[in-house]
Every structure is written in C-alpha cells, then in structure tokens.
file start.txt (compact mmCIF, C-alpha atoms and all ligand atoms)
# COMPACT_ATOMS: atom_id res chain seq x y z
CA MET R 27 63.18 118.62 66.62
CA ALA R 28 65.13 120.79 68.96
CA SER R 29 66.46 117.81 70.75
CA HIS R 30 70.11 118.03 69.70
CA LEU R 31 70.91 120.72 72.22
CA PRO R 32 69.92 118.75 75.36
CA SER R 33 71.33 115.54 73.92
CA PHE R 34 74.65 117.30 73.32
CA HIS R 35 74.65 118.23 77.01
CA VAL R 36 73.84 114.65 77.94
CA PHE R 37 76.69 113.53 75.71
CA LEU R 38 79.08 115.94 77.47
CA ALA R 39 77.93 114.84 80.90
CA VAL R 40 78.38 111.19 80.00
CA ALA R 41 81.82 111.89 78.55
CA VAL R 42 82.89 113.73 81.70
CA ALA R 43 81.50 110.97 83.91
CA LEU R 44 83.38 108.34 81.88
CA CYS R 45 86.63 110.28 82.27
CA LEU R 46 86.11 110.54 86.02
CA CYS R 47 85.41 106.82 86.22
CA ARG R 48 88.58 105.95 84.34
CA SER R 49 90.79 107.96 86.66
CA SER R 50 89.27 106.75 89.94
CA LEU R 51 88.73 103.40 91.60
CA SER R 52 85.79 101.15 90.82
CA SER R 53 82.94 102.10 93.12
CA ALA R 54 81.93 99.75 95.91
CA ALA R 55 78.54 99.35 94.24
CA ASP R 56 80.23 98.27 90.95
CA VAL R 57 82.14 95.63 92.86
CA LEU R 58 78.95 94.24 94.42
CA ASP R 59 77.25 94.22 90.99
CA ARG R 60 80.14 92.14 89.70
CA THR R 61 80.05 89.51 92.51
CA ARG R 62 76.24 89.25 92.20
CA ARG R 63 76.37 88.40 88.49
CA PRO R 64 74.94 84.89 88.08
CA GLU R 65 78.17 83.38 86.71
CA PHE R 66 80.27 84.85 89.56
CA ALA R 67 77.80 83.88 92.31
CA ALA R 68 77.39 80.36 90.91
CA TRP R 69 81.17 79.89 90.77
CA MET R 70 81.44 80.81 94.48
CA ALA R 71 78.53 78.56 95.47
CA GLY R 72 80.08 75.70 93.50
CA VAL R 73 83.50 76.00 95.14
CA ARG R 74 81.82 76.23 98.54
CA ALA R 75 79.80 73.05 97.85
CA THR R 76 83.02 71.18 97.02
CA ILE R 77 84.74 72.36 100.21
CA HIS R 78 81.63 71.69 102.30
CA GLU R 79 81.35 68.08 101.13
CA ARG R 80 84.98 67.36 102.10
CA PRO R 81 85.63 69.07 105.44
CA GLU R 82 89.16 68.80 106.83
CA LEU R 83 90.23 69.39 110.44
CA ALA R 84 92.88 71.80 111.72
CA PHE R 85 96.26 71.44 109.93
CA GLU R 86 94.89 68.59 107.78
CA GLU R 87 93.40 70.93 105.14
CA ILE R 88 95.32 69.24 102.28
CA GLU R 89 92.53 69.08 99.66
CA THR R 90 91.00 72.41 100.70
CA SER R 91 94.38 74.09 100.31
CA ARG R 92 94.94 72.38 96.96
CA LEU R 93 91.56 73.61 95.71
CA VAL R 94 92.30 77.19 96.81
CA ARG R 95 95.64 77.07 94.97
CA LYS R 96 93.95 75.69 91.86
CA GLU R 97 91.49 78.60 91.86
CA LEU R 98 94.30 81.13 92.45
CA ASP R 99 96.29 79.57 89.59
CA ALA R 100 93.26 79.88 87.30
CA MET R 101 93.04 83.60 88.14
CA GLY R 102 96.79 84.09 87.68
CA VAL R 103 97.28 85.16 91.31
CA GLY R 104 100.70 84.43 92.84
CA TYR R 105 101.10 82.99 96.33
CA ARG R 106 103.46 81.47 98.88
CA TYR R 107 102.80 77.90 100.04
CA PRO R 108 103.09 76.18 102.45
CA ILE R 109 102.69 78.67 105.30
CA ALA R 110 101.79 77.28 108.74
CA GLY R 111 101.54 73.75 107.28
CA THR R 112 98.60 73.93 104.89
CA GLY R 113 98.15 77.72 104.72
CA ILE R 114 98.56 80.01 101.70
CA VAL R 115 99.57 83.68 101.43
CA ALA R 116 98.55 85.22 98.10
CA THR R 117 99.45 88.75 97.00
CA ILE R 118 97.86 91.05 94.42
CA GLY R 119 98.96 94.55 93.47
CA THR R 120 102.16 96.55 93.13
CA GLY R 121 104.22 94.31 95.44
CA ARG R 122 105.14 97.46 97.34
CA SER R 123 103.91 99.30 100.45
CA PRO R 124 101.28 99.90 101.74
CA PHE R 125 100.22 96.33 102.51
CA VAL R 126 96.71 95.44 103.63
CA ALA R 127 95.76 91.85 104.61
CA LEU R 128 92.43 90.00 104.40
CA ARG R 129 92.17 86.78 106.41
CA ALA R 130 89.98 83.69 105.97
CA ASP R 131 90.18 80.48 108.02
CA ILE R 132 89.82 77.16 106.18
CA ASP R 133 89.39 74.39 108.81
CA ALA R 134 86.31 72.36 109.83
CA LEU R 135 85.08 70.85 113.12
CA PRO R 136 85.09 67.25 114.43
CA MET R 137 81.30 66.82 114.49
CA GLN R 138 78.55 65.07 112.56
CA GLU R 139 76.49 67.17 110.14
CA GLU R 140 72.74 66.76 110.60
CA VAL R 141 71.52 69.01 107.78
CA GLU R 142 69.97 67.00 104.96
CA TRP R 143 70.93 68.85 101.79
CA GLU R 144 72.56 68.29 98.44
CA HIS R 145 76.08 69.06 99.63
CA LYS R 146 76.00 67.51 103.11
CA SER R 147 79.42 66.49 104.44
CA LYS R 148 80.53 63.18 102.95
CA VAL R 149 82.98 62.58 105.79
CA SER R 150 81.63 61.16 109.02
CA MET R 151 82.36 63.25 112.14
CA LYS R 152 83.70 66.19 110.14
CA MET R 153 81.64 69.26 109.32
CA HIS R 154 82.04 72.87 108.23
CA ALA R 155 79.84 73.96 111.14
CA CYS R 156 81.53 77.33 111.63
CA GLY R 157 81.21 78.64 108.05
CA HIS R 158 84.93 78.54 107.25
CA ASP R 159 83.99 77.05 103.86
CA ALA R 160 82.07 80.28 103.17
CA HIS R 161 84.99 82.40 104.46
CA THR R 162 87.38 80.61 102.10
CA VAL R 163 85.14 81.20 99.11
CA MET R 164 84.39 84.83 99.97
CA LEU R 165 88.14 85.45 100.04
CA LEU R 166 88.55 83.68 96.69
CA GLY R 167 85.78 85.94 95.36
CA ALA R 168 87.64 88.97 96.68
CA ALA R 169 90.84 87.66 95.06
CA ARG R 170 89.11 87.46 91.68
CA ILE R 171 87.76 91.02 92.00
CA LEU R 172 91.17 92.34 93.07
CA GLN R 173 92.94 90.50 90.27
CA GLU R 174 90.49 91.94 87.69
CA ARG R 175 91.22 95.42 89.07
CA ARG R 176 94.92 94.90 89.87
CA HIS R 177 95.99 97.92 87.81
CA GLU R 178 93.91 100.16 90.08
CA LEU R 179 95.60 98.96 93.28
CA GLN R 180 97.75 101.56 95.02
CA GLY R 181 99.76 99.01 96.99
CA THR R 182 99.51 95.32 97.82
CA VAL R 183 96.67 93.17 99.11
CA VAL R 184 97.82 90.09 101.09
CA LEU R 185 95.25 87.27 101.18
CA LEU R 186 95.68 84.87 104.11
CA PHE R 187 94.14 81.40 103.85
CA GLN R 188 94.76 80.26 107.42
CA PRO R 189 94.56 76.71 108.77
CA GLY R 190 93.74 75.62 112.30
CA GLU R 191 91.53 78.42 113.66
CA GLU R 192 89.36 76.06 115.71
CA VAL R 193 92.35 74.84 117.74
CA GLY R 194 93.52 78.40 118.36
CA THR R 195 97.05 78.10 116.98
CA GLY R 196 96.68 78.74 113.22
CA ALA R 197 97.09 82.51 113.37
CA ARG R 198 100.11 82.19 115.66
CA ARG R 199 101.80 79.88 113.16
CA MET R 200 100.94 82.16 110.23
CA VAL R 201 102.55 85.08 112.08
CA ALA R 202 105.62 82.96 112.93
CA ASP R 203 105.98 82.02 109.23
CA GLY R 204 106.06 85.69 108.25
CA ALA R 205 102.56 85.87 106.74
CA VAL R 206 101.95 89.42 107.99
CA ASP R 207 105.49 90.85 107.85
CA ASN R 208 105.24 94.53 106.73
CA VAL R 209 101.41 94.45 106.80
CA ASP R 210 99.98 97.84 107.84
CA ALA R 211 96.38 96.79 108.48
CA ILE R 212 94.42 93.54 108.58
CA PHE R 213 90.70 92.77 108.18
CA GLY R 214 89.06 89.53 109.33
CA PHE R 215 85.46 88.40 109.13
CA HIS R 216 83.05 85.73 110.29
CA VAL R 217 79.63 84.75 109.03
CA SER R 218 76.87 85.23 111.58
CA VAL R 219 73.25 84.09 111.88
CA GLY R 220 72.79 87.08 114.17
CA LEU R 221 72.44 89.21 111.01
CA PRO R 222 70.29 88.62 107.91
CA THR R 223 71.86 87.99 104.51
CA GLY R 224 72.92 91.30 102.97
CA VAL R 225 73.65 92.90 106.36
CA VAL R 226 77.07 93.33 108.00
CA GLY R 227 78.10 94.58 111.40
CA SER R 228 80.90 95.30 113.82
CA ARG R 229 81.89 97.79 116.47
CA SER R 230 84.78 100.05 117.43
CA GLY R 231 86.93 98.80 120.31
CA PRO R 232 86.42 95.41 122.05
CA LEU R 233 84.34 93.01 119.91
CA LEU R 234 85.29 89.48 121.02
CA ALA R 235 86.66 88.27 124.33
CA GLY R 236 90.12 87.03 125.17
CA CYS R 237 90.05 83.35 126.05
CA GLY R 238 92.04 80.92 128.13
CA PHE R 239 91.63 77.28 129.16
CA PHE R 240 92.60 75.61 132.42
CA GLU R 241 92.90 72.07 133.68
CA ALA R 242 93.64 71.06 137.29
CA VAL R 243 94.55 67.68 138.69
CA ILE R 244 93.40 67.50 142.31
CA THR R 245 95.11 64.70 144.17
CA GLY R 246 94.12 63.02 147.45
CA LYS R 247 94.44 59.40 148.49
CA GLY R 248 92.08 56.73 147.16
CA GLY R 249 90.47 54.05 149.27
CA HIS R 250 87.36 52.00 150.09
CA ALA R 251 84.22 54.13 149.95
CA ALA R 252 83.03 52.51 153.21
CA ARG R 253 86.11 53.86 155.06
CA PRO R 254 86.31 57.56 154.07
CA HIS R 255 88.52 58.31 157.09
CA GLY R 256 91.18 56.05 155.57
CA SER R 257 91.40 58.17 152.41
CA VAL R 258 91.72 61.80 151.37
CA ASP R 259 88.72 62.44 149.12
CA PRO R 260 89.51 64.44 145.96
CA VAL R 261 85.83 64.35 144.83
CA ALA R 262 84.73 66.50 147.79
CA ALA R 263 87.72 68.79 147.23
CA ALA R 264 87.00 69.17 143.50
CA SER R 265 83.33 69.87 144.20
CA ALA R 266 84.31 72.68 146.58
CA VAL R 267 86.68 74.00 143.89
CA VAL R 268 83.87 74.18 141.30
CA LEU R 269 81.66 76.15 143.70
CA ALA R 270 84.48 78.47 144.81
CA LEU R 271 85.33 79.32 141.18
CA GLN R 272 81.79 80.72 140.74
CA SER R 273 82.61 83.70 142.96
CA LEU R 274 85.55 84.91 140.82
CA VAL R 275 83.11 86.65 138.48
CA SER R 276 80.06 87.17 140.74
CA ARG R 277 81.98 88.57 143.76
CA GLU R 278 85.37 89.78 142.55
CA ALA R 279 84.94 91.23 139.03
CA ASP R 280 83.60 94.68 138.22
CA PRO R 281 80.03 93.97 137.00
CA LEU R 282 80.63 96.43 134.14
CA ASP R 283 83.71 94.50 132.97
CA SER R 284 82.18 91.36 131.40
CA GLN R 285 83.94 88.13 132.36
CA VAL R 286 83.16 84.39 132.31
CA VAL R 287 84.55 81.38 134.17
CA SER R 288 82.92 78.09 133.13
CA VAL R 289 83.88 74.66 134.47
CA THR R 290 83.10 72.24 131.66
CA ARG R 291 84.95 69.04 132.57
CA PHE R 292 84.88 66.97 135.75
CA ARG R 293 86.55 63.58 135.56
CA ALA R 294 86.45 61.43 138.70
CA GLY R 295 86.57 57.70 139.43
CA ASN R 296 84.83 54.74 137.80
CA ALA R 297 83.41 52.61 140.62
CA PHE R 298 80.50 53.14 143.01
CA ASN R 299 82.51 51.99 146.01
CA VAL R 300 86.00 53.36 145.41
CA ILE R 301 87.22 56.82 146.35
CA PRO R 302 89.60 57.76 143.49
CA ASP R 303 93.16 59.03 143.95
CA SER R 304 92.56 62.14 141.86
CA VAL R 305 89.99 64.22 139.99
CA THR R 306 90.56 66.37 136.89
CA VAL R 307 88.62 69.61 136.55
CA GLY R 308 88.82 71.89 133.52
CA GLY R 309 87.16 74.79 131.77
CA THR R 310 87.53 78.16 130.13
CA PHE R 311 87.72 81.83 131.11
CA ARG R 312 86.87 84.88 128.99
CA CYS R 313 87.38 88.57 129.42
CA PHE R 314 87.86 91.81 127.41
CA SER R 315 90.58 93.57 129.39
CA LYS R 316 94.23 92.59 129.83
CA GLU R 317 94.03 93.30 133.58
CA GLY R 318 90.87 91.21 133.99
CA PHE R 319 92.50 88.41 132.07
CA SER R 320 95.64 88.21 134.20
CA ARG R 321 93.56 88.56 137.38
CA LEU R 322 91.32 85.64 136.39
CA LYS R 323 94.30 83.46 135.52
CA ARG R 324 96.02 84.19 138.85
CA ARG R 325 92.83 83.73 140.92
CA ILE R 326 91.77 80.49 139.18
CA GLU R 327 95.08 78.96 140.23
CA GLU R 328 94.95 80.39 143.79
CA VAL R 329 91.36 79.22 144.38
CA ILE R 330 91.97 75.71 143.05
CA VAL R 331 95.13 75.22 145.11
CA ALA R 332 93.73 76.76 148.32
CA GLN R 333 90.32 75.03 148.17
CA SER R 334 92.03 71.71 147.54
CA ALA R 335 94.25 72.33 150.59
CA VAL R 336 91.14 72.93 152.74
CA HIS R 337 90.25 69.32 151.92
CA ARG R 338 93.83 68.09 152.47
CA CYS R 339 94.40 67.62 148.69
CA GLY R 340 97.17 68.87 146.45
CA ALA R 341 96.45 70.55 143.10
CA ALA R 342 98.41 71.33 139.94
CA VAL R 343 96.91 73.80 137.45
CA ASP R 344 97.86 73.81 133.75
CA PHE R 345 96.86 76.67 131.43
CA ASN R 346 98.18 74.95 128.33
CA ALA R 347 96.58 71.50 128.68
CA ARG R 348 94.44 71.96 125.56
CA GLY R 349 97.57 72.86 123.58
CA THR R 350 95.94 76.25 123.02
CA PRO R 351 97.75 79.43 123.94
CA LEU R 352 95.87 82.25 125.65
CA LEU R 353 94.04 84.25 122.99
CA PRO R 354 93.93 88.02 123.45
CA PRO R 355 90.63 89.90 123.04
CA THR R 356 89.69 91.12 119.55
CA ILE R 357 89.79 94.92 119.75
CA ASN R 358 88.90 96.92 116.63
CA SER R 359 90.95 99.94 115.64
CA PRO R 360 88.62 103.00 115.69
CA ALA R 361 90.15 104.30 112.44
CA LEU R 362 89.65 100.98 110.62
CA HIS R 363 86.13 100.76 112.01
CA ALA R 364 85.30 104.18 110.51
CA HIS R 365 86.74 102.87 107.22
CA PHE R 366 84.60 99.72 107.50
CA GLU R 367 81.43 101.74 108.14
CA ALA R 368 82.09 104.03 105.17
CA VAL R 369 82.90 101.25 102.69
CA ALA R 370 80.12 98.94 103.92
CA THR R 371 77.57 101.76 103.67
CA GLU R 372 78.68 102.46 100.10
CA THR R 373 78.46 98.76 99.26
CA LEU R 374 75.19 97.82 100.98
CA GLY R 375 73.42 101.03 102.02
CA ALA R 376 73.28 102.49 105.53
CA ALA R 377 70.24 100.41 106.51
CA HIS R 378 72.30 97.24 106.04
CA VAL R 379 75.28 98.21 108.19
CA HIS R 380 75.33 97.87 111.99
CA GLY R 381 78.17 99.99 113.28
CA ALA R 382 77.64 99.38 116.99
CA LEU R 383 77.05 95.66 117.54
CA GLU R 384 77.11 94.36 121.11
CA PRO R 385 80.40 92.70 122.01
CA CYS R 386 80.31 88.91 122.34
CA MET R 387 82.07 86.51 124.76
CA GLY R 388 83.17 84.23 121.94
CA SER R 389 86.79 84.49 120.83
CA GLU R 390 88.79 84.21 117.64
CA ASP R 391 92.41 83.44 116.99
CA PHE R 392 92.30 86.43 114.58
CA ALA R 393 93.18 88.46 117.70
CA THR R 394 96.70 87.00 117.51
CA TYR R 395 97.36 89.02 114.33
CA SER R 396 96.72 92.23 116.26
CA GLU R 397 99.92 91.56 118.19
CA ALA R 398 101.90 91.66 114.93
CA VAL R 399 100.00 94.22 112.80
CA PRO R 400 99.60 97.91 113.75
CA ALA R 401 95.84 98.08 113.04
CA SER R 402 93.24 95.30 112.90
CA HIS R 403 89.49 95.02 112.38
CA PHE R 404 87.04 92.11 112.57
CA TYR R 405 83.45 92.15 111.32
CA PHE R 406 80.43 89.90 110.78
CA VAL R 407 78.73 89.03 107.50
CA GLY R 408 75.02 88.12 107.87
CA ILE R 409 73.81 84.69 106.70
CA ARG R 410 70.44 84.47 108.44
CA ASN R 411 67.50 83.57 106.19
CA GLU R 412 64.35 82.65 108.09
CA THR R 413 62.33 81.65 105.03
CA GLU R 414 65.04 79.12 104.24
CA GLY R 415 65.30 78.01 107.90
CA LEU R 416 68.94 79.16 108.08
CA VAL R 417 68.89 80.27 111.70
CA HIS R 418 71.16 77.81 113.55
CA LEU R 419 74.19 79.04 115.43
CA ALA R 420 77.76 78.14 114.44
CA HIS R 421 79.00 74.84 115.95
CA SER R 422 75.44 73.43 115.75
CA PRO R 423 75.04 70.20 113.70
CA HIS R 424 72.16 72.07 111.97
CA PHE R 425 74.29 75.08 110.96
CA LEU R 426 73.93 76.07 107.30
CA VAL R 427 75.19 79.12 105.40
CA ASP R 428 72.98 81.02 102.94
CA ASP R 429 74.89 80.97 99.64
CA GLY R 430 73.13 84.25 98.86
CA ALA R 431 75.53 85.87 101.35
CA LEU R 432 78.70 84.93 99.43
CA PRO R 433 78.61 87.87 96.94
CA PHE R 434 78.19 90.38 99.78
CA GLY R 435 81.20 89.07 101.73
CA ALA R 436 83.40 88.86 98.62
CA ALA R 437 82.52 92.38 97.46
CA LEU R 438 83.00 93.97 100.86
CA HIS R 439 86.37 92.28 101.47
CA ALA R 440 87.65 93.46 98.09
CA SER R 441 86.37 97.02 98.50
CA LEU R 442 87.74 97.36 102.05
CA ALA R 443 91.20 96.49 100.78
CA MET R 444 91.12 98.55 97.56
CA ARG R 445 89.83 101.63 99.32
CA TYR R 446 92.31 101.25 102.18
CA LEU R 447 95.24 101.25 99.74
CA ASP R 448 93.79 104.19 97.84
CA GLU R 449 93.44 106.26 101.03
CA ARG R 450 96.86 105.32 102.37
CA HIS R 451 98.42 106.18 99.02
CA ARG R 452 96.68 109.57 98.99
CA ASP R 453 97.81 110.29 102.59
CA VAL R 454 101.40 109.49 101.67
CA SER R 455 101.42 111.58 98.47
CA GLN R 456 99.84 114.51 100.32
CA SER R 457 102.48 114.37 103.03
CA HIS R 458 105.16 114.35 100.32
CA GLU R 459 103.65 117.48 98.83
CA VAL R 460 103.83 119.15 102.24
CA LEU R 461 107.51 118.19 102.51
C1 LIG Q 501 65.89 84.25 101.84
O1 LIG Q 501 65.61 83.31 100.85
C2 LIG Q 501 64.48 83.61 100.08
C3 LIG Q 501 64.17 82.40 99.20
O2 LIG Q 501 65.35 81.85 98.66
C4 LIG Q 501 64.74 84.90 99.31
O3 LIG Q 501 63.63 85.22 98.50
C5 LIG Q 501 65.00 86.01 100.30
O4 LIG Q 501 65.36 87.19 99.63
C6 LIG Q 501 66.14 85.62 101.25
N1 LIG Q 501 66.25 86.58 102.34
C7 LIG Q 501 67.33 87.32 102.53
C8 LIG Q 501 67.34 88.16 103.75
O5 LIG Q 501 68.27 87.30 101.78
ZN ZN Q 502 84.24 77.91 115.22
ZN ZN Q 503 84.80 80.19 113.06
call {"tool": "encode", "arguments": {"input": "start.txt", "output": "structure tokens", "more": "lines below"}}
Ligand SMILES: *[C@@H]1O[C@H](CO)[C@@H](O)[C@H](O)[C@H]1NC(C)=O
Ligand SMILES: [Zn+2]
Ligand SMILES: [Zn+2]
result
Amino acid sequence: MASHLPSFHVFLAVAVALCLCRSSLSSAADVLDRTRRPEFAAWMAGVRATIHERPELAFEEIETSRLVRKELDAMGVGYRYPIAGTGIVATIGTGRSPFVALRADIDALPMQEEVEWEHKSKVSMKMHACGHDAHTVMLLGAARILQERRHELQGTVVLLFQPGEEVGTGARRMVADGAVDNVDAIFGFHVSVGLPTGVVGSRSGPLLAGCGFFEAVITGKGGHAARPHGSVDPVAAASAVVLALQSLVSREADPLDSQVVSVTRFRAGNAFNVIPDSVTVGGTFRCFSKEGFSRLKRRIEEVIVAQSAVHRCGAAVDFNARGTPLLPPTINSPALHAHFEAVATETLGAAHVHGALEPCMGSEDFATYSEAVPASHFYFVGIRNETEGLVHLAHSPHFLVDDGALPFGAALHASLAMRYLDERHRDVSQSHEVL
C-alpha cells in the first residue's frame, strides 16, 4: 500500500519532536504524570501516614526531621542539618546562581484528633490539624522529581523543611541560620479546603494579613466585694477596655483597608466576693498595610492605658507576651504570581487555577522570608473532597487532607522551581548577548 510516504512523515515528525524534547525542560504535564503514577503517589501517601500518626510540636520535630532526612538520603539529595533546631535545607542542581527556594513547614498542633481513620494520631493532644504533614510530603515529592531531572536544572533549588510555623518563629530562625542566603525567589504553599482537590489558587499583591498579639495587665486595688469604695476595681476597667477596643476598627480604620482587633482572653479573679488586684486581657490584631499595622499597635496601647486611667487603674501592655514576633503581611510579587499562573495552568489546565483569590485575614510566618528574599509568592493547594467528607477547616479536630491532592502539590512545586531557573537563566544569557 501507499502508506510508506505518510508514515515516513510521521517518523520525521516524531524524530523532530524527540529532539525538541531532549533539548528542553520536561513539560509541566510530564511532571504531573510522574507524580500521579501509582508507585509515586502511594510512596507520598505512605510517608504522610507515618508523619500523621506521630505529630510533633514546634521545635520538637525530631522524628519528622529524621524521616525527611532518611527520604532525602534515599534519593541521594544533599542537605544541611540542623537549621533552626530541627529544620533541614536541601539543595538540588548546579550549586550556583540563580537560587530558588521552596518552603514546607513540618510542625503539628497541641490538640486532640477526632477523625476516626486508619492513620489517626497515636499521640494524645497532638495532631497534624493544619496539613503540615501534607506540605512535608509534597516537598519530598518535589525533591524526588527535581533529583530525577537534576541535569536539566539551570541553577539551584533550595528546599526548606521549616520547624515551628505554628508558634510564628520558625521562619525567623531559618533566616537567621542562613537558610535563604543568596536566594532570589521563594515559593510557599498551604493546603486549603476552600479549593477542591486538583485546584490551586492565589492572588497578586496582599494575600494574608500581618498579625500581632497583645496582652495587658490592668492593675487596681483588690478588696471585699461588699465595699467597692474601698478598692479600685480592675474588672470594670478591663470591661471598658474591651468595649473601647471595638472602635479601633469600626470607627478609626478605613473601611476599605481590612483590619481586625479581637480580644480573646480575659482573666480576672477567682472568688464571688473578692474584687481582684488585677485583670489580664489579651488578643490579636490583623491588617494588610504597614501603616494600618503600626497605627493599630499604637492605638491598642493608648486605648488600654487611657481607659484604665478613667477607672483609676494602671495598665502595662506587652506585644511579645506570646513569644511571637509581629508577622508582616504576606504580599505576593506580581512577577512571581504571573509565573505561578502560567506554570499552574500548564500543569492543571486553566479551569483548575484561580488567579484572583480573595485575601484572607489569617497569617503565615512565611511572610518573614519576604524580608530576606527579593521576591516571594504564597499559594493554596486544594484538598476539598465532599464525597469523602473532607471539608473541615484547618485547626479543626475533624480536619483531614485528601491524599489525592499530594501529586498535584508535588508536581506544581517542582515545576515552579524548574521553570523559574530556566527563565532566569535565559534572561541572564540574553543580557550577556546584548553586552
Ligand atoms: C473525591 O473522592 C472520590 C472518591 O474517592 C473521587 O472519585 C473524586 O474524584 C474525588 N474528588 C476530587 C475533587 O478529587
Ligand atoms: Zn496552622
Ligand atoms: Zn499551617
């Protein structure tokens, strides 16, 4: 039959396509195919089950860290340890500039898991209720992909396994230990039940709020409850303080500049018939702008001190009582967000990428890296699966991650980094040609 002519053309086309493939990076779709292979997906789910059963709190992630190092050793990936106590900084690639970092947090929360499943936490009052077990495994998945394709990397990928996110100081300690020295860009991620499995999202500009905590001790003079005139009542003063704080957002902030002040603690006396000497009031404040943040901090102190004085009490305000530094807002670089949208669309298809998510008043210590790295970007990886009943918010005792989401997170992390290095490398070589 006359079929050899067309088949010769097909042969040529295939040969050309193969050549093109060899000389360019693996496509984002190839990477997702790889992480979705049954063996790869099962390996990730297995490592996650092990971490989930043995949750460890901030800066106590001894076994989690050991397991991560064991997996990195098995892949032949080099790393520095310890960083920030229990943290690990792995590197894959040329060892030279440009450097792009991917960050996962590895700590759990002090709460009791109430999900009845095969891999329920075996440790009472400790639970991976924020999905950091999934983050850890997605980053290990990305490490494996990057290691398999290390000869394609046009620079160095730095993988950060960070302890102590939930207490707000892990990122700060990683930075202090040099984890992001020379890093040009950093990507962070969080699982979210706001998005279904297979969907990712983020936005350009402000994504998560800056966050601070305050605690005030309001001091009067205790006495018999039957003789209020013989005492100076700090309970009445503290009550007035709580009400006065409500107007900092409702009456003083620009309604278009989202802010929150929440009083969450109120500790007064113990008896029914004793006016206590002092009352402790504490809470949190959130905001997206630097100006709003410093205004709230200043006004919280002024209002507490002045309202206490109205009731003849003294007050001392502490912004570091929780041992947590102020966290800046998480603000995404527009250039990295465009990169995220392009790579995510190639990986998952445009219908599965939300490029303009609403900002959220939650906060992340990832924002601390943005003070040390020129460009940063944070995004969400969907884990919602209604048929499986996986709809509970992070920090709920019913929170559960859909293991089906692990391949998507791993593939996207790896492709974001590979493509970033490729583009940076091309920019640099083009500018050399111009010179
Ligand atoms: C949810 O889980 C079901 C059953 O395991 C699966 O068929 C479905 O594809 C999942 N949904 C998503 C959004 O992944
Ligand atoms: Zn959390
Ligand atoms: Zn978290």
call {"tool": "atom_distance", "arguments": {"input": "start.txt", "atom1": "CA of Gly435 (chain R)", "atom2": "CA of Gly113 (chain R)"}}
result
20.6 Å
call {"tool": "closest_residue", "arguments": {"input": "start.txt", "among": "R:Ala197, R:Ala235, R:Val163, R:Ala420", "to": "ligand ZN 503 (chain Q)", "atoms": "all atoms listed in the file"}}
result
R:Ala420
call {"tool": "residues_near_ligand", "arguments": {"input": "start.txt", "ligand": "ligand LIG 501 (chain Q)", "cutoff": "7 Å", "atoms": "only C-alpha atoms and all ligand atoms", "output": "PDB file with C-alpha atoms, in the frame of the given file"}}
result
ATOM      1  CA  PRO R 222      70.290  88.620 107.910  1.00  0.00           C
ATOM      2  CA  THR R 223      71.860  87.990 104.510  1.00  0.00           C
ATOM      3  CA  GLY R 224      72.920  91.300 102.970  1.00  0.00           C
ATOM      4  CA  ARG R 410      70.440  84.470 108.440  1.00  0.00           C
ATOM      5  CA  ASN R 411      67.500  83.570 106.190  1.00  0.00           C
ATOM      6  CA  GLU R 412      64.350  82.650 108.090  1.00  0.00           C
ATOM      7  CA  THR R 413      62.330  81.650 105.030  1.00  0.00           C
ATOM      8  CA  GLU R 414      65.040  79.120 104.240  1.00  0.00           C
ATOM      9  CA  GLY R 430      73.130  84.250  98.860  1.00  0.00           C
TER      10      GLY R 430
END
call {"tool": "closest_residue", "arguments": {"input": "start.txt", "among": "R:Glu86, R:Asp303, R:Asp283, R:Asp344", "to": "Ala242 (chain R)", "atoms": "only C-alpha atoms"}}
result
R:Asp344
call {"tool": "residues_around", "arguments": {"input": "start.txt", "residues": "region 227-231 of chain R", "least_positions_apart": "4", "cutoff": "6 Å", "atoms": "only C-alpha atoms", "output": "MDAnalysis selection string"}}
result
chainID R and resid 357:358 360 363 379:383 405:406
call {"tool": "residues_near_ligand", "arguments": {"input": "start.txt", "ligand": "ligand ZN 503 (chain Q)", "cutoff": "10 Å", "atoms": "all atoms listed in the file", "output": "VMD selection string"}}
result
chain R and resid 130 to 135 154 to 159 161 191 to 192 215 to 218 388 to 392 420 to 421
call {"tool": "closest_residue", "arguments": {"input": "start.txt", "among": "R:Leu93, R:Arg450, R:Thr356, R:Met137", "to": "ligand ZN 502 (chain Q)", "atoms": "all atoms listed in the file"}}
result
R:Met137
